[in-house]
Amino acid sequence: MCGICGIILKDHNPNFSIGALLYQMMEGQQIRAQDSAGIAIFNDVNTPVNDPSCNLAYLLESPTGYELREKKRPLSEQNRLALRLTKDDRVSIIGCSKEMKLVKDLGLVKDLDKKYNIKSMKGSHGIGHLRIATSSKVDLRNAHPFSTTVMSDIAVVHNGEITNYPKLKKSLEIQGYPFYSNCDSEVIAVFLADQLLKHGDIERAHNEFIQKADGPFTYIAATNHSLSLIRDRFGTRKGIVGYNPGGDGNPAFWAMATDLSALDIVGANEDVKAAPPGKSMIFTV
Amino acid sequence: MNPKEKFIIRSSILELAETGTPRNTSIDEKIGMDRKQRGNERTSNIWDCITALGAQLSRPPYDPYREIINLGVSVGRRQCPAKVVLSMPLVIYDNGTKIEETTLESLHVALNLLAANDNTSLGLVSENRSKNGRGYPHFERIIEKSTIEDDNHPEGLVLQYSNDESLQFITDLRKQFSGPILVEIDDGFEKYMGPLLDVGVDVVIADTIKLTNKEKYKGKHATAVIHDVRCAINQHYAGKENDGALLMVAGDLNNTGRIVKAAALGADIIGYSTSLLIANAANHYESSSNTNTVPERICRHIKATKGELKGVPAALGYSDFYNISPADLRTSSIEASLQADIAIEGMDKTYRQIMARSTTGKTIAQGMGFDKEGKQDDQHQKNSRIFSDGR
């Protein structure tokens with residue numbers, strides 16, 4: 001079964017290598033899944049605050065593997081650019097970002113680190129995912145985290161199944177939202193983006209999804225200001241949160257994951273609790 | 001030559017021997033007519049060519065989300081003040097003809113029993129005046145220029161779309177009637193679906209038997225009608241969220257299998273006349289109509305149907321009946337795939353998608369690296385090996 005994890009620092013410290021913590025958590029859960037690995041880390045200090053453009057990130061298949069590329073455009077043009085790029089079968093769209101760095105690849109987390117040096121990535125919060133394919137192919141297009149070109153800086157990692165994914169996807173496609181994979185997890189990112197565009201309330205967006213989605217699921221969603229852990233209304237898939245108070249120069253943080261072992265490995269042993277079924281646990285930067 | 005055709009020849013010879021009169025139609029013409037009729041029968045069997053993909057049964061860790069299945073549906077769009085809530089996606093449908101009073105009485109008792117004893121609110125579409133003391137919603141058929149009576153008015157109104165004047169009538173009706181408005185469409189629906197929804201119609205009714213008799217759908221199946229009407233509604237909502245407009249489909253949907261398939265193709269409510277048939281049959285063929293046994297029979301039938309309607313979505317992996325979608329269907333029939341955009345069995349593509357070329361000009365087979373002789377190129381073979389190894 002897929003392994004998901006998330007870390008958010010208690011105090012904003014974009015110079016802390018949050019990637020190292022995510023790496024440890026993912027390595028601790030590697031036994032769950034080995035098809036693909038991916039992370040998304042937020043709050044790149046180098047991004048100008050008022051820049052209206054964002055980066056469209058995508059992976060281009062080459063003879064040696066996949067290359068990560070970015071094109072900077074205003075958000076209003078990103079969908080058109082993404083649709084143009086997807087006409088090339090070698091392209092796998094990642095999403096739009098201003099403050100988010102999202103990388104993913106087939107294989108193990110150590111392979112991902114070798115390629116992208118994720119242990120050195122800095123930020124205030126981030127999420128990670130280890131995939132075992134259940135309802136779609138082992139393919140980079142279906143690797144997590146999922147983002148969307150509808151809104152920048154939103155990423156989702158998911159464990160479980162959204163069984164009414166075709167219906168949800170259709171209702172969003174009718175509204176004009178694009179999809180770039182056949183993976184049910186992508187619908188979470190697009191749904192949340194749609195809700196945030198309508199009312200901007202992340203808790204309300206999660207509640208809407210819990211009501212509308214069918215099936216067993218736990219997901220962690222990250223925006224540039226928040227990190228949330230959500231379980232379906234029956235709590236059929238695990239999701240736990242723990243706290244590390246920090247010390248010896250290390251910052252305090254909350255960690256969330258599917259497995260307790262992932263919390264243990266980063267010392268997030270305080271105030272460990274399971275996320276309540278049908279509710280969201282939201283942490284803000 | 002198949003046995004049927006041999007029978008035609010043999011029976012024609014026997015007929016000639018018996019009557020001694022020349023035939024009006026030749027044997028060839030009879031065989032041709034039989035083939036044409038069998039062609040129509042083949043079309044009508046498309047329901048039997050469609051299957052629904054099943055989910056796995058409950059597996060560890062136990063999946064409790066399929067313990068309770070939602071069948072309820074709210075009829076009425078966002079702006080409809082007095083919405084009607086149905087317990088099941090069924091409405092007893094009159095097929096456009098007035099229901100005889102004895103039959104109506106049996107249905108009335110049955111629906112009240114269901115509401116009282118089983119907490120099941122099932123709607124009734126009929127031309128008859130609403131009955132007093134009903135515990136179920138009545139959708140009354142009206143003609144244009146009708147007036148709504150103040151006493152005991154129905155929960156919803158049903159009318160037939162005829163021309164542009166219907167739109168004005170509906171606009172005026174919307175101002176004076178607070179419940180849902182249901183409109184039965186004809187085969188020209190694509191031209192007026194947008195304006196129809198704009199004036200506030202809550203439910204679009206498609207009677208597939210009537211529509212498949214129209215020129216546009218000659219030779220086509222009910223599935224094509226359901227697909228096209230759903231597409232027309234979706235097109236109206238392109239770029240915006242559906243505010244509760246529903247599609248009711250009626251016509252030859254007389255068992256749970258067909259109800260589920262119609263729902264997967266896009267129907268939100270099914271116009272169901274089997275209960276009407278039960279009530280009719282009792283009144284015509286029994287020596288005396290019994291207002292106790294007939295309603296009880298209808299109630300048992302509805303309860304059994306309700307159980308089946310819960311079981312099928314659960315087997316498909318849903319806790320809500322309305323989460324069934326075309327992605328749950330597969331077909332062995334190219335005709336069904338073409339008419340209703342259903343994926344072919346064993347694949348996740350429709351027949352059109354299989355035959356279409358991608359924007360790179362390649363067919364799906366070519367896109368997978370196969371040449372004309374069916375040999376795959378080295379790169380695609382290598383990719384297949386990588387993914388199957390999981391590395």
# chains A, B, ... in the order shown; residues from 1 in each chain; ligands from 1

call {"tool": "residues_around", "arguments": {"residues": "range 204-209 of chain B", "least_positions_apart": "5", "cutoff": "6 Å", "atoms": "only C-alpha atoms", "output": "number ranges by chain"}}
result
B: 182-185, 222, 247-251

call {"tool": "interface_residues", "arguments": {"of": "chain A", "to": "chain B", "cutoff": "8 Å", "atoms": "only C-alpha atoms", "output": "list of chain:residue names"}}
result
A:Gln34, A:Asp35, A:Lys87, A:Leu106, A:Gly107, A:Val138, A:Asp139, A:Thr163, A:Asn164, A:Pro166, A:Lys167, A:Ser171, A:Ile174, A:Gln175, A:Gly176, A:Asp214, A:Gly215, A:Pro216, A:Phe234, A:Thr236

call {"tool": "write_last_selection", "arguments": {"atoms": "C-alpha atoms", "output": "PDB file, in the first residue's frame"}}
result
ATOM      1  CA  GLN A  34       8.478   0.567  -4.500  1.00  0.00           C
ATOM      2  CA  ASP A  35       6.959   1.644  -7.834  1.00  0.00           C
ATOM      3  CA  LYS A  87       0.536  16.558 -27.300  1.00  0.00           C
ATOM      4  CA  LEU A 106      10.028   5.805 -10.894  1.00  0.00           C
ATOM      5  CA  GLY A 107      11.863   3.668  -8.385  1.00  0.00           C
ATOM      6  CA  VAL A 138       3.321   2.180 -13.213  1.00  0.00           C
ATOM      7  CA  ASP A 139       4.105   5.293 -15.159  1.00  0.00           C
ATOM      8  CA  THR A 163     -13.800   4.911  -6.221  1.00  0.00           C
ATOM      9  CA  ASN A 164     -16.043   7.557  -7.807  1.00  0.00           C
ATOM     10  CA  PRO A 166     -14.526   8.903 -12.972  1.00  0.00           C
ATOM     11  CA  LYS A 167     -17.647  10.802 -11.912  1.00  0.00           C
ATOM     12  CA  SER A 171     -17.832  16.878 -13.388  1.00  0.00           C
ATOM     13  CA  ILE A 174     -17.169  19.685 -17.779  1.00  0.00           C
ATOM     14  CA  GLN A 175     -16.276  22.815 -15.817  1.00  0.00           C
ATOM     15  CA  GLY A 176     -13.155  23.141 -17.945  1.00  0.00           C
ATOM     16  CA  ASP A 214     -16.376   7.670  -2.253  1.00  0.00           C
ATOM     17  CA  GLY A 215     -14.066   4.918  -1.174  1.00  0.00           C
ATOM     18  CA  PRO A 216     -11.312   4.434   1.385  1.00  0.00           C
ATOM     19  CA  PHE A 234     -14.896   5.800   8.010  1.00  0.00           C
ATOM     20  CA  THR A 236     -10.441   3.044   6.610  1.00  0.00           C
TER      21      THR A 236
END

call {"tool": "residues_around", "arguments": {"residues": "Phe16 in chain A", "least_positions_apart": "6", "cutoff": "9 Å", "atoms": "only C-alpha atoms", "output": "list of chain:residue names"}}
result
A:Leu9, A:Ser120, A:Met121, A:Lys122, A:Gly123, A:Ser124, A:Asn250, A:Pro251

call {"tool": "atom_distance", "arguments": {"atom1": "CA of Ala221 in chain A", "atom2": "CA of Asp89 in chain A"}}
result
28.0 Å

call {"tool": "closest_residue", "arguments": {"among": "B:Thr51, B:Ser273, B:Ser178, B:Ser26", "to": "Ser126 in chain B", "atoms": "only C-alpha atoms"}}
result
B:Ser273

call {"tool": "select_by_dssp", "arguments": {"residues": "range 206-312 of chain B", "states": "helix (DSSP H, G or I)", "output": "PyMOL selection string"}}
result
chain B and resi 208-212+215-217+222-236+256-265+274-285+293-312

call {"tool": "residues_around", "arguments": {"residues": "Pro180 in chain B", "least_positions_apart": "4", "cutoff": "12 Å", "atoms": "only C-alpha atoms", "output": "PyMOL selection string"}}
result
chain B and resi 74-85+137-140+154-159+170+173-176+200-204+244-246

call {"tool": "closest_residue", "arguments": {"among": "A:Pro178, A:Gly128, A:Pro276, A:Gly246", "to": "Gly28 in chain A", "atoms": "only C-alpha atoms"}}
result
A:Gly128

call {"tool": "select_by_dssp", "arguments": {"residues": "range 88-143 of chain A", "states": "strand (DSSP E)", "output": "ChimeraX atom specification"}}
result
/A:91-97,100-106,125-131
